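What follows is one structure encoded as structure tokens, with my remarks underneath.
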Amino acid sequence: MQNNFVVSSSPHLREKATTQRIMQEVCLALAPAGIASIVIFGYQAAILIAICVAVCVASEFLWQMVTKQKVTVSDWSAVVTGLLLAYNLPASAPWWMAVIGSVIAIVLVKQFFGGIGSNFMNPALTARAILFLSWSTLMGASYPVAAMDAVTGATPLAKLNAGLMGDFSMLDLFLGKHGGMLGETCAIALILGGVYLIIRGIVDWRIPVTFIGTVFVCYLLKDGAELALAQLLSGGLLLGAFFMATDYSTSPVTSLGRIIMGVGCGLLLFVIRAFASYPEGCSFAILFMNVATPMIDRFTAPRPFGEVKKHA
């Protein structure tokens with residue numbers, strides 16, 4: 001009977017999903033936010049998105065050619081990195097900043113550590129953090145091309161962190177009628193993209209839900225329901241929770257670990273927004289938890305059963 005069985009090496013269960021298909025689905029989910037950014041900020045948004053995507057793809061291709069590695073630009077991961085980096089830039093950012101950020105994200109953060117799956121921090125977020133620390137003035141928030149009186153002053157986060165709703169309505173926050181980075185202003189576009197990824201099984205719901213839920217609970221206790229909801233719709237929270245904290249390479253692999261990741265990101269974001277001088281802390285919260293991911297995986301990994309103890 002045993003002769004009828006063929007023994008082969010693992011894996012024995014195979015999934016039809018490929019890296020290319022997953023990345024293409026992420027691009028599709030990011031498309032509404034990109035379209036919204038062009039509508040809100042004008043042609044500058046389209047130029048920055050095109051530059052970031054093109055330079056990210058070119059940087060990965062040239063680096064792999066020079067180092068004689070297998071060229072992997074066809075997996076679309078560089079395209080996703082370019083989109084996320086562009087979404088973390090203001091519309092007023094100069095073109096050379098987009099170029100520098102793209103090279104940093106792909107070469108320094110991704111390829112130096114072995115390429116896709118080997119980087120321990122999110123490339124787009126790391127590049128954004130470096131750009132912000134280097135050129136903080138140029139990384140200031142941009143405002144819609146048809147800015148009204150309600151959105152020509154401080155960003156919603158600046159008002160909210162002072163305990164005020166300001167002149168912004170919930171509808172303004174949902175539609176993106178306020179200042180901010182390219183891809184973080186239109187909340188409804190980000191929610192649609194995030195829900196799509198969860199339904200398609202591309203990302204695990206645990207990280208975004210616990211991330212967003214933790215921030216809401218913290219601000220509910222601090223400022224009340226209205227300001228807590230406004231906090232969720234402002235800044236980079238939705239973009240970070242759905243599209244960057246869920247990065248396969250830099251997030252925990254266990255279910256419990258992903259819950260810890262989401263709660264940790266939410267608590268750190270709350271602390272930075274509420275008690276630090278910097279109004280937005282999504283990037284730094286996620287990057288800190290990226291660094292903690294190996295430790296989270298170590299302590300949440302399931303214990304093997306049936307292991308034979310070694311006797312001295």
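For the structure tokens, the naming scheme is as follows: chains receive sequential letters (A, B, ...) according to their order of presentation, residues are indexed from 1 within each chain, and ligands are indexed from 1 in presentation order.
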Query - Exercise: A:Leu84 partners within 9 Å, only C-alpha atoms, chain neighbours under 3 positions left out, as an NGL selection string - result: :A and (30 or 49 or 52 or 79-81 or 87-88 or 124-125 or 183 or 239 or 243-244)
Atoms to include: all heavy atoms. Write the selected residues as an mmCIF file, in the first residue's frame.
```
data_model
loop_
_atom_site.group_PDB
_atom_site.id
_atom_site.type_symbol
_atom_site.label_atom_id
_atom_site.label_comp_id
_atom_site.auth_asym_id
_atom_site.auth_seq_id
_atom_site.Cartn_x
_atom_site.Cartn_y
_atom_site.Cartn_z
ATOM 1 N N LEU A 30 -4.906 50.988 -2.791
ATOM 2 C CA LEU A 30 -4.342 52.327 -2.593
ATOM 3 C C LEU A 30 -4.830 53.333 -3.634
ATOM 4 O O LEU A 30 -4.670 54.544 -3.450
ATOM 5 C CB LEU A 30 -2.810 52.264 -2.644
ATOM 6 C CG LEU A 30 -2.100 51.677 -1.423
ATOM 7 C CD1 LEU A 30 -0.640 51.406 -1.747
ATOM 8 C CD2 LEU A 30 -2.220 52.612 -0.231
ATOM 9 N N ILE A 49 3.666 61.293 -7.046
ATOM 10 C CA ILE A 49 3.373 59.855 -7.076
ATOM 11 C C ILE A 49 4.141 59.184 -8.212
ATOM 12 O O ILE A 49 4.755 58.125 -8.034
ATOM 13 C CB ILE A 49 1.854 59.617 -7.232
ATOM 14 C CG1 ILE A 49 1.123 60.066 -5.966
ATOM 15 C CG2 ILE A 49 1.574 58.144 -7.512
ATOM 16 C CD1 ILE A 49 -0.393 60.058 -6.100
ATOM 17 N N CYS A 52 7.973 59.026 -7.342
ATOM 18 C CA CYS A 52 8.288 58.030 -6.318
ATOM 19 C C CYS A 52 8.210 56.602 -6.871
ATOM 20 O O CYS A 52 9.101 55.781 -6.633
ATOM 21 C CB CYS A 52 7.348 58.187 -5.125
ATOM 22 S SG CYS A 52 7.689 59.619 -4.085
ATOM 23 N N VAL A 79 6.682 49.127 -6.541
ATOM 24 C CA VAL A 79 5.583 50.035 -6.873
ATOM 25 C C VAL A 79 4.812 50.402 -5.608
ATOM 26 O O VAL A 79 4.477 51.571 -5.374
ATOM 27 C CB VAL A 79 4.636 49.399 -7.905
ATOM 28 C CG1 VAL A 79 3.436 50.308 -8.170
ATOM 29 C CG2 VAL A 79 5.379 49.110 -9.208
ATOM 30 N N VAL A 80 4.547 49.398 -4.766
ATOM 31 C CA VAL A 80 3.834 49.645 -3.507
ATOM 32 C C VAL A 80 4.643 50.586 -2.613
ATOM 33 O O VAL A 80 4.097 51.522 -2.021
ATOM 34 C CB VAL A 80 3.541 48.320 -2.781
ATOM 35 C CG1 VAL A 80 2.999 48.586 -1.373
ATOM 36 C CG2 VAL A 80 2.552 47.488 -3.573
ATOM 37 N N THR A 81 5.945 50.350 -2.525
ATOM 38 C CA THR A 81 6.798 51.224 -1.719
ATOM 39 C C THR A 81 6.754 52.651 -2.243
ATOM 40 O O THR A 81 6.671 53.613 -1.473
ATOM 41 C CB THR A 81 8.251 50.715 -1.730
ATOM 42 O OG1 THR A 81 8.294 49.405 -1.149
ATOM 43 C CG2 THR A 81 9.161 51.642 -0.929
ATOM 44 N N TYR A 87 2.521 58.923 -0.689
ATOM 45 C CA TYR A 87 1.375 59.256 0.164
ATOM 46 C C TYR A 87 1.819 59.861 1.496
ATOM 47 O O TYR A 87 0.998 60.463 2.201
ATOM 48 C CB TYR A 87 0.551 58.004 0.445
ATOM 49 C CG TYR A 87 -0.248 57.500 -0.743
ATOM 50 C CD1 TYR A 87 -0.102 58.065 -2.012
ATOM 51 C CD2 TYR A 87 -1.141 56.448 -0.615
ATOM 52 C CE1 TYR A 87 -0.819 57.602 -3.095
ATOM 53 C CE2 TYR A 87 -1.876 55.979 -1.694
ATOM 54 C CZ TYR A 87 -1.701 56.556 -2.937
ATOM 55 O OH TYR A 87 -2.420 56.084 -4.018
ATOM 56 N N ASN A 88 3.086 59.692 1.851
ATOM 57 C CA ASN A 88 3.625 60.249 3.095
ATOM 58 C C ASN A 88 4.354 61.570 2.871
ATOM 59 O O ASN A 88 5.042 62.052 3.775
ATOM 60 C CB ASN A 88 4.566 59.246 3.760
ATOM 61 C CG ASN A 88 3.824 58.211 4.571
ATOM 62 O OD1 ASN A 88 3.422 58.459 5.703
ATOM 63 N ND2 ASN A 88 3.628 57.033 3.989
ATOM 64 N N ALA A 124 9.049 52.600 3.264
ATOM 65 C CA ALA A 124 8.445 53.914 3.030
ATOM 66 C C ALA A 124 8.419 54.752 4.303
ATOM 67 O O ALA A 124 8.722 55.955 4.278
ATOM 68 C CB ALA A 124 7.032 53.746 2.477
ATOM 69 N N LEU A 125 8.079 54.128 5.430
ATOM 70 C CA LEU A 125 8.029 54.862 6.695
ATOM 71 C C LEU A 125 9.419 55.298 7.143
ATOM 72 O O LEU A 125 9.595 56.394 7.680
ATOM 73 C CB LEU A 125 7.387 54.003 7.777
ATOM 74 C CG LEU A 125 5.864 53.929 7.774
ATOM 75 C CD1 LEU A 125 5.377 53.077 8.934
ATOM 76 C CD2 LEU A 125 5.254 55.319 7.851
ATOM 77 N N GLY A 183 -1.565 61.142 0.848
ATOM 78 C CA GLY A 183 -2.445 59.980 0.926
ATOM 79 C C GLY A 183 -3.167 59.792 2.227
ATOM 80 O O GLY A 183 -3.827 58.763 2.414
ATOM 81 N N LEU A 239 -3.961 55.396 7.118
ATOM 82 C CA LEU A 239 -2.975 54.945 6.137
ATOM 83 C C LEU A 239 -1.990 53.980 6.785
ATOM 84 O O LEU A 239 -1.671 52.929 6.226
ATOM 85 C CB LEU A 239 -2.225 56.154 5.554
ATOM 86 C CG LEU A 239 -1.122 55.847 4.538
ATOM 87 C CD1 LEU A 239 -1.693 55.180 3.298
ATOM 88 C CD2 LEU A 239 -0.376 57.130 4.160
ATOM 89 N N PHE A 243 -2.221 49.957 5.775
ATOM 90 C CA PHE A 243 -1.290 49.693 4.687
ATOM 91 C C PHE A 243 0.174 49.544 5.099
ATOM 92 O O PHE A 243 0.961 49.012 4.318
ATOM 93 C CB PHE A 243 -1.391 50.813 3.637
ATOM 94 C CG PHE A 243 -2.727 50.881 2.975
ATOM 95 C CD1 PHE A 243 -3.681 51.807 3.376
ATOM 96 C CD2 PHE A 243 -3.051 50.013 1.944
ATOM 97 C CE1 PHE A 243 -4.921 51.881 2.772
ATOM 98 C CE2 PHE A 243 -4.287 50.073 1.321
ATOM 99 C CZ PHE A 243 -5.235 51.006 1.737
ATOM 100 N N MET A 244 0.560 50.004 6.289
ATOM 101 C CA MET A 244 1.977 49.938 6.653
ATOM 102 C C MET A 244 2.259 49.106 7.895
ATOM 103 O O MET A 244 3.243 48.376 7.935
ATOM 104 C CB MET A 244 2.530 51.361 6.799
ATOM 105 C CG MET A 244 2.610 52.057 5.442
ATOM 106 S SD MET A 244 3.281 53.733 5.494
ATOM 107 C CE MET A 244 1.877 54.625 6.129
#
```
**Report entry** A:Gly281 environment, 12 Å, only C-alpha atoms, sequence neighbours closer than 5 positions dropped, as a PyMOL selection string
**Finding:** chain A and resi 125+128-129+132+157+161+215+234-237+240+265-276+286-288
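The shortest atom-to-atom distance to A:Ala187, with only C-alpha atoms taken into account, belongs to A:Ser37 out of A:Ser74, A:Ser37, A:Gln64, A:Thr155.
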Requested in this report: List every residue of stretch 91-288 of chain A that DSSP, applied to the backbone of this structure, places in alpha helix (DSSP H), and write the result as a PyMOL selection string.
Outcome: chain A and resi 95-103+123-134+156-160+170-175+187-199+206-223+225-232+237-239+255-275+282-288
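Restricting the calculation to only C-alpha atoms, the smallest distance between A:Glu226 and any of A:Gly257, A:Ile207, A:Ile188, A:Ser169 is found for A:Ser169.
Residues surrounding A:Ala292 within 12 Å are Phe120, Met121, Thr250, Ser251, Pro252, Gly257, Arg258, Ile260, Met261, Gly264, Cys265, Ala285, Ile286, Arg298 and Phe299 of chain A [only C-alpha atoms; sequence separation below 6 positions excluded].
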Go ahead and save the picked residues with all heavy atoms, as a short mmCIF file (atom, residue, chain, number, x, y, z; two decimals), in the first residue's frame.
```cif
data_model
loop_
_atom_site.label_atom_id
_atom_site.label_comp_id
_atom_site.auth_asym_id
_atom_site.auth_seq_id
_atom_site.Cartn_x
_atom_site.Cartn_y
_atom_site.Cartn_z
N PHE A 120 13.71 44.77 8.12
CA PHE A 120 13.07 44.69 9.43
C PHE A 120 12.27 45.94 9.77
O PHE A 120 11.60 45.99 10.81
CB PHE A 120 14.10 44.42 10.53
CG PHE A 120 15.05 45.55 10.78
CD1 PHE A 120 14.80 46.46 11.80
CD2 PHE A 120 16.19 45.72 10.00
CE1 PHE A 120 15.68 47.51 12.04
CE2 PHE A 120 17.06 46.77 10.24
CZ PHE A 120 16.80 47.67 11.26
N MET A 121 12.33 46.96 8.91
CA MET A 121 11.51 48.15 9.08
C MET A 121 10.83 48.48 7.75
O MET A 121 11.34 48.14 6.69
CB MET A 121 12.35 49.35 9.54
CG MET A 121 12.86 49.25 10.96
SD MET A 121 13.56 50.81 11.59
CE MET A 121 14.94 51.03 10.47
N THR A 250 7.51 43.11 8.29
CA THR A 250 7.84 43.84 9.51
C THR A 250 6.78 43.72 10.60
O THR A 250 6.82 44.46 11.59
CB THR A 250 8.03 45.33 9.17
OG1 THR A 250 6.82 45.85 8.56
CG2 THR A 250 9.19 45.51 8.21
N SER A 251 5.84 42.80 10.44
CA SER A 251 4.81 42.59 11.46
C SER A 251 4.86 41.15 11.96
O SER A 251 5.36 40.27 11.26
CB SER A 251 3.42 42.91 10.89
OG SER A 251 3.13 42.06 9.80
N PRO A 252 4.35 40.89 13.15
CA PRO A 252 4.40 39.54 13.72
C PRO A 252 3.64 38.53 12.87
O PRO A 252 2.72 38.87 12.13
CB PRO A 252 3.74 39.72 15.09
CG PRO A 252 3.93 41.17 15.42
CD PRO A 252 3.81 41.88 14.11
N GLY A 257 0.54 37.91 18.44
CA GLY A 257 1.57 38.91 18.16
C GLY A 257 1.02 40.08 17.38
O GLY A 257 1.40 41.24 17.61
N ARG A 258 0.10 39.83 16.47
CA ARG A 258 -0.48 40.92 15.68
C ARG A 258 -1.38 41.81 16.55
O ARG A 258 -1.45 43.02 16.34
CB ARG A 258 -1.27 40.34 14.51
CG ARG A 258 -0.35 39.73 13.44
CD ARG A 258 -1.10 38.93 12.41
NE ARG A 258 -0.16 38.39 11.42
CZ ARG A 258 -0.48 37.49 10.50
NH1 ARG A 258 -1.72 37.02 10.45
NH2 ARG A 258 0.42 37.05 9.65
N ILE A 260 -0.84 42.31 19.75
CA ILE A 260 0.14 43.09 20.52
C ILE A 260 0.71 44.22 19.67
O ILE A 260 0.88 45.35 20.14
CB ILE A 260 1.26 42.17 21.03
CG1 ILE A 260 0.71 41.16 22.04
CG2 ILE A 260 2.39 42.99 21.67
CD1 ILE A 260 1.70 40.11 22.48
N MET A 261 0.98 43.92 18.40
CA MET A 261 1.49 44.93 17.48
C MET A 261 0.50 46.10 17.35
O MET A 261 0.88 47.27 17.44
CB MET A 261 1.72 44.29 16.10
CG MET A 261 2.05 45.25 14.98
SD MET A 261 3.78 45.68 14.95
CE MET A 261 3.88 46.62 13.43
N GLY A 264 0.23 48.03 20.66
CA GLY A 264 1.46 48.79 20.88
C GLY A 264 1.54 50.02 20.00
O GLY A 264 1.90 51.12 20.46
N CYS A 265 1.19 49.87 18.74
CA CYS A 265 1.19 51.02 17.82
C CYS A 265 0.20 52.08 18.29
O CYS A 265 0.49 53.28 18.27
CB CYS A 265 0.82 50.57 16.40
SG CYS A 265 2.11 49.68 15.52
N ALA A 285 5.58 55.37 15.70
CA ALA A 285 4.95 54.29 16.45
C ALA A 285 5.10 52.96 15.72
O ALA A 285 5.46 51.94 16.32
CB ALA A 285 3.47 54.61 16.67
N ILE A 286 4.86 52.96 14.41
CA ILE A 286 4.97 51.73 13.63
C ILE A 286 6.41 51.27 13.54
O ILE A 286 6.71 50.07 13.69
CB ILE A 286 4.37 51.93 12.23
CG1 ILE A 286 2.87 52.20 12.32
CG2 ILE A 286 4.62 50.69 11.35
CD1 ILE A 286 2.21 52.55 11.00
N ARG A 298 8.98 35.87 19.12
CA ARG A 298 9.65 34.89 19.98
C ARG A 298 8.78 34.49 21.16
O ARG A 298 8.70 33.31 21.52
CB ARG A 298 10.97 35.48 20.48
CG ARG A 298 11.72 34.56 21.44
CD ARG A 298 12.99 35.21 21.94
NE ARG A 298 13.67 34.36 22.91
CZ ARG A 298 14.77 34.71 23.58
NH1 ARG A 298 15.31 35.91 23.36
NH2 ARG A 298 15.31 33.89 24.45
N PHE A 299 8.11 35.46 21.78
CA PHE A 299 7.35 35.17 22.99
C PHE A 299 5.90 34.75 22.71
O PHE A 299 5.20 34.33 23.63
CB PHE A 299 7.36 36.40 23.91
CG PHE A 299 8.68 36.62 24.58
CD1 PHE A 299 9.53 37.61 24.13
CD2 PHE A 299 9.09 35.84 25.64
CE1 PHE A 299 10.77 37.83 24.73
CE2 PHE A 299 10.32 36.04 26.26
CZ PHE A 299 11.16 37.04 25.81
#
```
Query raised in the report: Near A:Ser249, counting only C-alpha atoms, which residues have an atom at most 10 Å away, once you skip same-chain residues fewer than 6 positions from it, shown as a list in words?
Result: Ile116, Gly117, Ser118, Asn119, Phe120, Met121, Asn122, Asn290 and Thr293 of chain A
Prev. selection, all heavy atoms, output as a PDB file, in the first residue's frame:
```pdb
ATOM      1  N   ILE A 116      13.029  42.014  -0.583  1.00  0.00           N
ATOM      2  CA  ILE A 116      11.699  41.807  -0.050  1.00  0.00           C
ATOM      3  C   ILE A 116      11.667  40.632   0.925  1.00  0.00           C
ATOM      4  O   ILE A 116      12.228  39.568   0.666  1.00  0.00           O
ATOM      5  CB  ILE A 116      10.686  41.585  -1.192  1.00  0.00           C
ATOM      6  CG1 ILE A 116       9.262  41.506  -0.635  1.00  0.00           C
ATOM      7  CG2 ILE A 116      11.036  40.362  -2.009  1.00  0.00           C
ATOM      8  CD1 ILE A 116       8.185  41.497  -1.710  1.00  0.00           C
ATOM      9  N   GLY A 117      11.042  40.853   2.063  1.00  0.00           N
ATOM     10  CA  GLY A 117      10.939  39.810   3.079  1.00  0.00           C
ATOM     11  C   GLY A 117      12.065  39.810   4.081  1.00  0.00           C
ATOM     12  O   GLY A 117      11.981  39.129   5.105  1.00  0.00           O
ATOM     13  N   SER A 118      13.123  40.580   3.829  1.00  0.00           N
ATOM     14  CA  SER A 118      14.289  40.573   4.722  1.00  0.00           C
ATOM     15  C   SER A 118      14.442  41.876   5.506  1.00  0.00           C
ATOM     16  O   SER A 118      15.153  41.905   6.505  1.00  0.00           O
ATOM     17  CB  SER A 118      15.571  40.315   3.916  1.00  0.00           C
ATOM     18  OG  SER A 118      15.501  39.063   3.260  1.00  0.00           O
ATOM     19  N   ASN A 119      13.820  42.947   5.047  1.00  0.00           N
ATOM     20  CA  ASN A 119      13.938  44.223   5.763  1.00  0.00           C
ATOM     21  C   ASN A 119      13.163  44.151   7.075  1.00  0.00           C
ATOM     22  O   ASN A 119      12.073  43.574   7.138  1.00  0.00           O
ATOM     23  CB  ASN A 119      13.417  45.365   4.903  1.00  0.00           C
ATOM     24  CG  ASN A 119      12.037  45.108   4.340  1.00  0.00           C
ATOM     25  OD1 ASN A 119      11.878  44.323   3.391  1.00  0.00           O
ATOM     26  ND2 ASN A 119      11.029  45.748   4.915  1.00  0.00           N
ATOM     27  N   PHE A 120      13.714  44.768   8.121  1.00  0.00           N
ATOM     28  CA  PHE A 120      13.066  44.691   9.433  1.00  0.00           C
ATOM     29  C   PHE A 120      12.271  45.944   9.768  1.00  0.00           C
ATOM     30  O   PHE A 120      11.604  45.991  10.807  1.00  0.00           O
ATOM     31  CB  PHE A 120      14.104  44.420  10.526  1.00  0.00           C
ATOM     32  CG  PHE A 120      15.047  45.555  10.783  1.00  0.00           C
ATOM     33  CD1 PHE A 120      14.802  46.457  11.804  1.00  0.00           C
ATOM     34  CD2 PHE A 120      16.192  45.719   9.998  1.00  0.00           C
ATOM     35  CE1 PHE A 120      15.676  47.510  12.044  1.00  0.00           C
ATOM     36  CE2 PHE A 120      17.065  46.770  10.244  1.00  0.00           C
ATOM     37  CZ  PHE A 120      16.801  47.670  11.256  1.00  0.00           C
ATOM     38  N   MET A 121      12.327  46.961   8.911  1.00  0.00           N
ATOM     39  CA  MET A 121      11.510  48.151   9.075  1.00  0.00           C
ATOM     40  C   MET A 121      10.829  48.476   7.753  1.00  0.00           C
ATOM     41  O   MET A 121      11.342  48.139   6.690  1.00  0.00           O
ATOM     42  CB  MET A 121      12.353  49.348   9.539  1.00  0.00           C
ATOM     43  CG  MET A 121      12.860  49.245  10.957  1.00  0.00           C
ATOM     44  SD  MET A 121      13.556  50.808  11.589  1.00  0.00           S
ATOM     45  CE  MET A 121      14.945  51.030  10.475  1.00  0.00           C
ATOM     46  N   ASN A 122       9.678  49.111   7.845  1.00  0.00           N
ATOM     47  CA  ASN A 122       8.944  49.470   6.637  1.00  0.00           C
ATOM     48  C   ASN A 122       9.751  50.485   5.828  1.00  0.00           C
ATOM     49  O   ASN A 122      10.089  51.552   6.349  1.00  0.00           O
ATOM     50  CB  ASN A 122       7.582  50.057   7.015  1.00  0.00           C
ATOM     51  CG  ASN A 122       6.727  50.344   5.810  1.00  0.00           C
ATOM     52  OD1 ASN A 122       6.901  51.348   5.139  1.00  0.00           O
ATOM     53  ND2 ASN A 122       5.787  49.457   5.530  1.00  0.00           N
ATOM     54  N   ASN A 290       7.992  47.794  14.634  1.00  0.00           N
ATOM     55  CA  ASN A 290       8.736  46.976  13.672  1.00  0.00           C
ATOM     56  C   ASN A 290       9.976  46.388  14.313  1.00  0.00           C
ATOM     57  O   ASN A 290      10.291  45.203  14.155  1.00  0.00           O
ATOM     58  CB  ASN A 290       9.164  47.814  12.463  1.00  0.00           C
ATOM     59  CG  ASN A 290       8.029  48.141  11.509  1.00  0.00           C
ATOM     60  OD1 ASN A 290       8.164  49.000  10.660  1.00  0.00           O
ATOM     61  ND2 ASN A 290       6.897  47.459  11.660  1.00  0.00           N
ATOM     62  N   THR A 293       9.180  43.560  16.659  1.00  0.00           N
ATOM     63  CA  THR A 293       8.507  42.394  16.086  1.00  0.00           C
ATOM     64  C   THR A 293       9.228  41.072  16.336  1.00  0.00           C
ATOM     65  O   THR A 293       8.582  40.071  16.701  1.00  0.00           O
ATOM     66  CB  THR A 293       8.278  42.607  14.579  1.00  0.00           C
ATOM     67  OG1 THR A 293       7.274  43.609  14.407  1.00  0.00           O
ATOM     68  CG2 THR A 293       7.812  41.328  13.896  1.00  0.00           C
TER      69      THR A 293
END
```
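We find atom CA of A:Phe112 and atom CA of A:Val55 to be spaced 16.7 Å apart.
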Query raised in the report: Residues at most 10 Å from A:Val39, counting only C-alpha atoms, excluding those fewer than 3 positions away in the same chain, as a VMD selection string?
Result: chain A and resid 33 to 36 42 to 43 45 to 46 144 to 146 176
**Report entry** Proximity to A:Ile38 - best of A:Gln69, A:Thr246, A:Thr137, A:Thr185, only C-alpha atoms
**Finding:**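 Comparing A:Gln69, A:Thr246, A:Thr137, A:Thr185 against A:Ile38, the winner is A:Thr185.
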Query raised in the report: Expressed in Å to a single decimal, how great is the separation between atom CA of A:Ala105 and atom CA of A:Cys56?
Result: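 Interatomic distance here is 7.7 Å.
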